[in-house]
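Asks: Submitted below is the structure of interest, expressed as structure tokens.
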Amino acid sequence: MAGLTPYVTPAMLISAPTGISWSTIPVPSASATQQLTSQMDICVRATAAAEAFLNQQVRCTIDVQTESAPSRNRVYMDPSGVVRFTCNHFPVLAVVSAQVCPAGTFPRVFTQIVDTKWEVDDPPSINTGSAVTGGDGQGGNTILFAPGSLGYWSGKRANRISVTYLNGWPHAGITAAMTLHATAVYVDDVTGWSVATAAAPITCPIYDGANSEVVQVVGVASAVNGTTGLAAYGPGVLTLATGCSNVHAGPTAGVAACVISTLPATIMSAVIKMAVAEALVRGATATSVQRNQGQTTKSGSPGDLYLEGCELLLPYRRV
């Protein structure tokens, strides 16, 4: 199955205490492959529903944002001359590049701003020494540029400034089996993992049922498409500080059996609730057997579960 791994996988969905009989989806007599495909479709749709509510992707992405500057909206200047660039997405992990040009120049001829002239304002809180923010929904969306990066001398909105930045939480499906003590992790998306270093690794789980473990990513070894550094994206290889403690299976029918992710568990829980809400629409309700033989009660409202998911996502919503 093409595309990036959703925020939860069928394996994570089945192992969660949802009360759903996932083997009956799409139909009770479906083959294992049909069941897996249908379950994956539900995970993809639940992920899309979460992103629609959030007004942004929360997996790490590389965003290019271009604004007229200086202005009173997204880009303005402090009395000290420091330029404050407000990003459309959060949390901002790092700035990849920035450039500026006169607003009246067509075609655009940009001048690069050197990387010593910027910093992320109110950087995300660091969790257990990791290079990535924790799950508190905090983190800045403003980038500061040094005085002289642009100015008012040409008039208001006289410049166009374009900033490429990393935001969100690195998240990827594992695309090849991992043997015991392996230090290479083949994934479907290396975006954002490049902020990790040996001095400040990304501490995160590999979600794999009973074989789950916490690992430390120290960087991106390579990306299939040749991208490098903070701009690396797409399929590639992550490097672990030490070998993994468990074996991890590769994909089945193109569906990742496990993921490596820094996504807050709250977001994953919300997506699971939305996936269950989707499953309940077709009548796969949770069933609890009562003491009186032959009597059952059905519970679980799709609408209620969806709203519960939305409530969990509120701290991460872009407004």
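All residue names refer to the structure tokens as shown: chains lettered A, B, ... in order, residues numbered from 1 in each chain, ligands numbered from 1 in order.
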As a PyMOL selection string, please: every residue in range 51-157 of chain A that a backbone DSSP assignment puts in strand (DSSP E or B).

Replies: chain A and resi 59+61-69+75-77+83-86+92-102+111-112+118-121+126+133+142-145

Asks: Got a sec: who's within 12 Å of Arg45 in chain A, counting only C-alpha atoms, leaving out chain neighbours fewer than 6 positions off, as a list in words?

Replies: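 Using only C-alpha atoms, the neighbours found are Thr5, Pro6, Tyr7, Val8, Thr9, Ser38, Gln39, Glu51, Ala52, Val271, Ile272, Lys273, Met274, Ala275, Val276, Ala277, Glu278 and Ala279 of chain A.
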
Asks: Kindly export the residues of the current selection with C-alpha atoms, as a compact mmCIF listing (two decimals), in the first residue's frame.

Replies:
```
# COMPACT_ATOMS: atom_id res chain seq x y z
CA THR A 5 2.23 5.15 7.48
CA PRO A 6 -0.80 6.63 9.31
CA TYR A 7 -0.59 7.73 12.93
CA VAL A 8 -1.71 4.27 14.07
CA THR A 9 -1.38 0.91 12.30
CA SER A 38 -9.65 -2.81 5.32
CA GLN A 39 -8.13 -2.16 8.74
CA GLU A 51 -5.63 16.15 10.61
CA ALA A 52 -8.83 17.79 9.37
CA VAL A 271 -6.85 8.49 16.26
CA ILE A 272 -7.73 5.06 17.69
CA LYS A 273 -11.02 6.47 18.99
CA MET A 274 -11.76 7.95 15.57
CA ALA A 275 -10.93 4.61 13.93
CA VAL A 276 -13.32 2.80 16.29
CA ALA A 277 -16.00 5.39 15.50
CA GLU A 278 -15.52 4.57 11.82
CA ALA A 279 -15.79 0.84 12.49
```

Asks: Find the residues around Lys156 in chain A up to 12 Å (only C-alpha atoms counted), leave out those fewer than 3 positions away in its own chain, and share them as a list in words.

Replies: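 What passes the distance filter is Ser68, Ala69, Pro70, Ser71, Arg72, Asn73, Val75, Tyr76, Met77, Pro102, Ala103, Leu150, Gly151, Tyr152, Trp153, Asn159 and Arg160 of chain A.
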
Asks: Report, in Å with one decimal, the straight-line distance from CA of Pro264 in chain A to CA of Val217 in chain A.

Replies: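 Distance reported for this atom pair: 16.8 Å.
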
Asks: Quick one: pull the distance between CA of Trp22 in chain A and CA of Cys43 in chain A, Å, one decimal.

Replies: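 Computed distance, CA of Trp22 in chain A to CA of Cys43 in chain A, equals 12.3 Å.
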
Asks: Determine, for each residue of range 103-205 of chain A having at least one atom at most 10 Å from an atom of range 232-242 of chain A, the closest pair of atoms and their separation in Å to one decimal, counting only C-alpha atoms; order by chain and ascending number, as JSON lines.

Replies:
```
{"residue": "A:Ala172", "atom": "CA", "partner": "A:Pro235", "partner_atom": "CA", "distance": 9.1}
{"residue": "A:Gly173", "atom": "CA", "partner": "A:Pro235", "partner_atom": "CA", "distance": 9.6}
{"residue": "A:Ile174", "atom": "CA", "partner": "A:Val237", "partner_atom": "CA", "distance": 9.6}
{"residue": "A:Thr175", "atom": "CA", "partner": "A:Pro235", "partner_atom": "CA", "distance": 8.8}
{"residue": "A:His181", "atom": "CA", "partner": "A:Thr242", "partner_atom": "CA", "distance": 7.4}
{"residue": "A:Ala182", "atom": "CA", "partner": "A:Thr242", "partner_atom": "CA", "distance": 8.0}
{"residue": "A:Thr183", "atom": "CA", "partner": "A:Leu240", "partner_atom": "CA", "distance": 4.8}
{"residue": "A:Ala184", "atom": "CA", "partner": "A:Thr239", "partner_atom": "CA", "distance": 5.0}
{"residue": "A:Val185", "atom": "CA", "partner": "A:Leu238", "partner_atom": "CA", "distance": 5.0}
{"residue": "A:Tyr186", "atom": "CA", "partner": "A:Val237", "partner_atom": "CA", "distance": 4.5}
{"residue": "A:Val187", "atom": "CA", "partner": "A:Gly236", "partner_atom": "CA", "distance": 5.7}
{"residue": "A:Asp188", "atom": "CA", "partner": "A:Pro235", "partner_atom": "CA", "distance": 4.2}
{"residue": "A:Asp189", "atom": "CA", "partner": "A:Gly234", "partner_atom": "CA", "distance": 4.4}
{"residue": "A:Val190", "atom": "CA", "partner": "A:Tyr233", "partner_atom": "CA", "distance": 5.1}
{"residue": "A:Thr191", "atom": "CA", "partner": "A:Tyr233", "partner_atom": "CA", "distance": 4.3}
{"residue": "A:Gly192", "atom": "CA", "partner": "A:Ala232", "partner_atom": "CA", "distance": 7.7}
{"residue": "A:Trp193", "atom": "CA", "partner": "A:Leu238", "partner_atom": "CA", "distance": 7.5}
{"residue": "A:Ser194", "atom": "CA", "partner": "A:Ala232", "partner_atom": "CA", "distance": 7.0}
{"residue": "A:Ala196", "atom": "CA", "partner": "A:Thr239", "partner_atom": "CA", "distance": 9.7}
{"residue": "A:Thr197", "atom": "CA", "partner": "A:Ala241", "partner_atom": "CA", "distance": 9.5}
{"residue": "A:Ala198", "atom": "CA", "partner": "A:Ala241", "partner_atom": "CA", "distance": 7.3}
{"residue": "A:Pro201", "atom": "CA", "partner": "A:Ala241", "partner_atom": "CA", "distance": 7.9}
{"residue": "A:Ile202", "atom": "CA", "partner": "A:Leu240", "partner_atom": "CA", "distance": 9.3}
{"residue": "A:Thr203", "atom": "CA", "partner": "A:Leu240", "partner_atom": "CA", "distance": 9.8}
```

Asks: Would you write out those residues with N, CA, C and O atoms, as a JSON list (two decimals), in the first residue's frame?

Replies:
```json
[["chain", "number", "residue", "atom", "x", "y", "z"],
["A", 172, "ALA", "N", 7.34, 7.44, 11.55],
["A", 172, "ALA", "CA", 7.58, 6.65, 10.34],
["A", 172, "ALA", "C", 7.23, 5.19, 10.56],
["A", 172, "ALA", "O", 7.34, 4.66, 11.67],
["A", 173, "GLY", "N", 6.84, 4.54, 9.48],
["A", 173, "GLY", "CA", 6.66, 3.10, 9.48],
["A", 173, "GLY", "C", 7.97, 2.42, 9.16],
["A", 173, "GLY", "O", 8.76, 2.91, 8.35],
["A", 174, "ILE", "N", 8.23, 1.28, 9.81],
["A", 174, "ILE", "CA", 9.46, 0.53, 9.56],
["A", 174, "ILE", "C", 9.23, -0.38, 8.35],
["A", 174, "ILE", "O", 8.27, -1.16, 8.31],
["A", 175, "THR", "N", 10.11, -0.25, 7.36],
["A", 175, "THR", "CA", 9.87, -0.88, 6.06],
["A", 175, "THR", "C", 10.68, -2.15, 5.83],
["A", 175, "THR", "O", 10.57, -2.77, 4.76],
["A", 181, "HIS", "N", 19.93, -6.43, 17.86],
["A", 181, "HIS", "CA", 21.10, -5.56, 17.93],
["A", 181, "HIS", "C", 21.32, -4.73, 16.66],
["A", 181, "HIS", "O", 22.38, -4.13, 16.50],
["A", 182, "ALA", "N", 20.34, -4.68, 15.79],
["A", 182, "ALA", "CA", 20.47, -3.85, 14.59],
["A", 182, "ALA", "C", 20.51, -2.38, 14.97],
["A", 182, "ALA", "O", 19.82, -1.93, 15.89],
["A", 183, "THR", "N", 21.33, -1.60, 14.27],
["A", 183, "THR", "CA", 21.41, -0.15, 14.51],
["A", 183, "THR", "C", 20.84, 0.66, 13.35],
["A", 183, "THR", "O", 20.74, 1.88, 13.44],
["A", 184, "ALA", "N", 20.48, -0.01, 12.26],
["A", 184, "ALA", "CA", 19.89, 0.66, 11.10],
["A", 184, "ALA", "C", 18.39, 0.39, 11.07],
["A", 184, "ALA", "O", 17.96, -0.76, 11.18],
["A", 185, "VAL", "N", 17.61, 1.45, 10.93],
["A", 185, "VAL", "CA", 16.15, 1.32, 10.87],
["A", 185, "VAL", "C", 15.70, 1.85, 9.50],
["A", 185, "VAL", "O", 15.82, 3.05, 9.22],
["A", 186, "TYR", "N", 15.18, 0.99, 8.66],
["A", 186, "TYR", "CA", 14.67, 1.39, 7.35],
["A", 186, "TYR", "C", 13.23, 1.86, 7.52],
["A", 186, "TYR", "O", 12.38, 1.12, 8.02],
["A", 187, "VAL", "N", 12.96, 3.09, 7.10],
["A", 187, "VAL", "CA", 11.65, 3.70, 7.34],
["A", 187, "VAL", "C", 11.10, 4.33, 6.06],
["A", 187, "VAL", "O", 11.84, 4.55, 5.09],
["A", 188, "ASP", "N", 9.81, 4.64, 6.10],
["A", 188, "ASP", "CA", 9.18, 5.24, 4.92],
["A", 188, "ASP", "C", 9.28, 6.76, 4.90],
["A", 188, "ASP", "O", 8.91, 7.39, 3.91],
["A", 189, "ASP", "N", 9.78, 7.38, 5.99],
["A", 189, "ASP", "CA", 9.89, 8.84, 6.02],
["A", 189, "ASP", "C", 10.95, 9.26, 7.05],
["A", 189, "ASP", "O", 10.78, 9.03, 8.24],
["A", 190, "VAL", "N", 12.01, 9.89, 6.57],
["A", 190, "VAL", "CA", 13.08, 10.34, 7.47],
["A", 190, "VAL", "C", 12.90, 11.81, 7.89],
["A", 190, "VAL", "O", 13.74, 12.36, 8.60],
["A", 191, "THR", "N", 11.80, 12.43, 7.48],
["A", 191, "THR", "CA", 11.59, 13.84, 7.77],
["A", 191, "THR", "C", 11.65, 14.12, 9.27],
["A", 191, "THR", "O", 10.95, 13.50, 10.07],
["A", 192, "GLY", "N", 12.50, 15.06, 9.66],
["A", 192, "GLY", "CA", 12.60, 15.50, 11.05],
["A", 192, "GLY", "C", 13.58, 14.73, 11.90],
["A", 192, "GLY", "O", 14.08, 15.24, 12.89],
["A", 193, "TRP", "N", 13.85, 13.47, 11.54],
["A", 193, "TRP", "CA", 14.79, 12.67, 12.32],
["A", 193, "TRP", "C", 16.19, 13.26, 12.25],
["A", 193, "TRP", "O", 17.04, 12.96, 13.09],
["A", 194, "SER", "N", 16.44, 14.11, 11.25],
["A", 194, "SER", "CA", 17.76, 14.70, 11.06],
["A", 194, "SER", "C", 18.12, 15.72, 12.14],
["A", 194, "SER", "O", 19.27, 16.15, 12.21],
["A", 196, "ALA", "N", 18.29, 14.98, 15.12],
["A", 196, "ALA", "CA", 18.97, 14.18, 16.14],
["A", 196, "ALA", "C", 20.48, 14.21, 15.93],
["A", 196, "ALA", "O", 20.96, 14.21, 14.80],
["A", 197, "THR", "N", 21.22, 14.22, 17.03],
["A", 197, "THR", "CA", 22.68, 14.11, 16.99],
["A", 197, "THR", "C", 23.10, 13.15, 18.09],
["A", 197, "THR", "O", 22.30, 12.78, 18.95],
["A", 198, "ALA", "N", 24.38, 12.77, 18.08],
["A", 198, "ALA", "CA", 24.88, 11.90, 19.13],
["A", 198, "ALA", "C", 24.77, 12.59, 20.49],
["A", 198, "ALA", "O", 24.53, 11.93, 21.51],
["A", 201, "PRO", "N", 20.24, 12.96, 21.04],
["A", 201, "PRO", "CA", 19.47, 11.98, 20.24],
["A", 201, "PRO", "C", 17.97, 12.17, 20.42],
["A", 201, "PRO", "O", 17.53, 12.84, 21.35],
["A", 202, "ILE", "N", 17.22, 11.57, 19.54],
["A", 202, "ILE", "CA", 15.77, 11.53, 19.68],
["A", 202, "ILE", "C", 15.42, 10.24, 20.43],
["A", 202, "ILE", "O", 15.66, 9.14, 19.92],
["A", 203, "THR", "N", 14.88, 10.38, 21.60],
["A", 203, "THR", "CA", 14.47, 9.23, 22.41],
["A", 203, "THR", "C", 13.00, 8.94, 22.11],
["A", 203, "THR", "O", 12.15, 9.82, 22.29]]
```

Asks: Return the single residue from A:Asn141, A:Pro251, A:Pro170, A:Phe53 that is closest to Cys310 in chain A, with distances computed using only C-alpha atoms.

Replies: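 The shortest atom-to-atom distance to Cys310 in chain A comes from A:Phe53.
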
Asks: Considering only C-alpha atoms, state which residue in the set A:Ser212, A:Asn167, A:Ser21, A:Ser80 is at the smallest distance from Gly148 in chain A.

Replies: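 Answer, going by the shortest atom-to-atom distance: A:Ser80.
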
Asks: May I ask which of the residues A:Thr262, A:Gln57, A:Thr33, A:Thr179 is the closest one to Thr133 in chain A, counting only C-alpha atoms?

Replies: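 Of all the options, A:Thr262 lies closest to Thr133 in chain A.
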
Asks: Report, in Å to a single decimal, how far apart CA of Thr164 in chain A and CA of Val96 in chain A are.

Replies: 5.3 Å

Asks: Smallest atom-to-atom distance to Cys204 in chain A: which of A:Gln99, A:Ser162, A:Ser269, A:Ser130, using only C-alpha atoms?

Replies: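 Smallest distance to Cys204 in chain A is found for A:Ser130.
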
Asks: For Thr252 in chain A, work out the shell of residues within 12 Å, counting only C-alpha atoms and skipping chain neighbours fewer than 6 positions away, then give it as a list in words.

Replies: Met1, Thr9, Pro10, Ala11, Ala32, Thr33, Gln34, Gln35, Leu36, Thr37, Met40, Gly173, Ile174, Thr175, Ala176, Ala177 and Cys258 of chain A

Asks: How would the residues just picked look written out with N, CA and C atoms as an mmCIF file, in the first residue's frame?

Replies:
```
data_model
loop_
_atom_site.group_PDB
_atom_site.id
_atom_site.type_symbol
_atom_site.label_atom_id
_atom_site.label_comp_id
_atom_site.auth_asym_id
_atom_site.auth_seq_id
_atom_site.Cartn_x
_atom_site.Cartn_y
_atom_site.Cartn_z
ATOM 1 N N MET A 1 0.853 -1.193 0.000
ATOM 2 C CA MET A 1 0.000 0.000 0.000
ATOM 3 C C MET A 1 0.886 1.240 0.000
ATOM 4 N N THR A 9 -1.354 2.011 13.271
ATOM 5 C CA THR A 9 -1.377 0.911 12.304
ATOM 6 C C THR A 9 -2.432 -0.116 12.718
ATOM 7 N N PRO A 10 -2.788 -1.030 11.812
ATOM 8 C CA PRO A 10 -3.736 -2.081 12.192
ATOM 9 C C PRO A 10 -3.293 -2.857 13.431
ATOM 10 N N ALA A 11 -1.990 -3.133 13.549
ATOM 11 C CA ALA A 11 -1.506 -3.876 14.719
ATOM 12 C C ALA A 11 -1.769 -3.099 16.006
ATOM 13 N N ALA A 32 -7.314 -12.949 5.407
ATOM 14 C CA ALA A 32 -6.428 -12.163 6.261
ATOM 15 C C ALA A 32 -5.948 -10.905 5.535
ATOM 16 N N THR A 33 -5.655 -11.036 4.237
ATOM 17 C CA THR A 33 -5.209 -9.874 3.458
ATOM 18 C C THR A 33 -6.319 -8.846 3.323
ATOM 19 N N GLN A 34 -7.551 -9.314 3.080
ATOM 20 C CA GLN A 34 -8.688 -8.391 2.988
ATOM 21 C C GLN A 34 -8.921 -7.675 4.314
ATOM 22 N N GLN A 35 -8.812 -8.401 5.402
ATOM 23 C CA GLN A 35 -8.977 -7.786 6.726
ATOM 24 C C GLN A 35 -7.913 -6.720 6.958
ATOM 25 N N LEU A 36 -6.656 -7.063 6.660
ATOM 26 C CA LEU A 36 -5.559 -6.123 6.875
ATOM 27 C C LEU A 36 -5.735 -4.871 6.029
ATOM 28 N N THR A 37 -6.118 -5.038 4.770
ATOM 29 C CA THR A 37 -6.310 -3.900 3.884
ATOM 30 C C THR A 37 -7.422 -2.994 4.389
ATOM 31 N N MET A 40 -6.313 -1.159 7.477
ATOM 32 C CA MET A 40 -5.401 -0.074 7.119
ATOM 33 C C MET A 40 -6.170 1.111 6.564
ATOM 34 N N GLY A 173 6.839 4.542 9.479
ATOM 35 C CA GLY A 173 6.656 3.104 9.483
ATOM 36 C C GLY A 173 7.968 2.417 9.158
ATOM 37 N N ILE A 174 8.230 1.283 9.806
ATOM 38 C CA ILE A 174 9.456 0.526 9.557
ATOM 39 C C ILE A 174 9.231 -0.377 8.348
ATOM 40 N N THR A 175 10.108 -0.251 7.356
ATOM 41 C CA THR A 175 9.869 -0.884 6.056
ATOM 42 C C THR A 175 10.678 -2.155 5.827
ATOM 43 N N ALA A 176 11.517 -2.555 6.778
ATOM 44 C CA ALA A 176 12.288 -3.789 6.642
ATOM 45 C C ALA A 176 12.475 -4.403 8.020
ATOM 46 N N ALA A 177 12.512 -5.722 8.075
ATOM 47 C CA ALA A 177 12.669 -6.411 9.355
ATOM 48 C C ALA A 177 13.985 -6.009 10.028
ATOM 49 N N CYS A 258 5.134 -2.363 12.384
ATOM 50 C CA CYS A 258 5.482 -1.551 13.548
ATOM 51 C C CYS A 258 5.943 -0.181 13.088
#
```

Asks: From range 82-236 of chain A, collect each residue whose DSSP state is helix (DSSP H, G or I) and return the set as a PyMOL selection string.

Replies: chain A and resi 115-117+193-195+209-211+229-231

Asks: Find, counting only C-alpha atoms, the residue in A:Gly134, A:Phe85, A:Ser149, A:Val255 that gets nearest to Thr116 in chain A.

Replies: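 Distance minimum relative to Thr116 in chain A lands on A:Ser149.
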
Asks: Which is closer to Leu263 in chain A than all the others in A:Val58, A:Met12, A:Val95, A:Cys87, using only C-alpha atoms?

Replies: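 Among the listed residues, A:Val58 lies closest to Leu263 in chain A.
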
Asks: Would you mind listing what lies within 6 Å of Lys117 in chain A as a list in words, with only C-alpha atoms counted and same-chain residues fewer than 3 positions away left out?

Replies: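 So, after excluding close chain neighbours, the residues are Val114, Phe145 and Ala146 of chain A.
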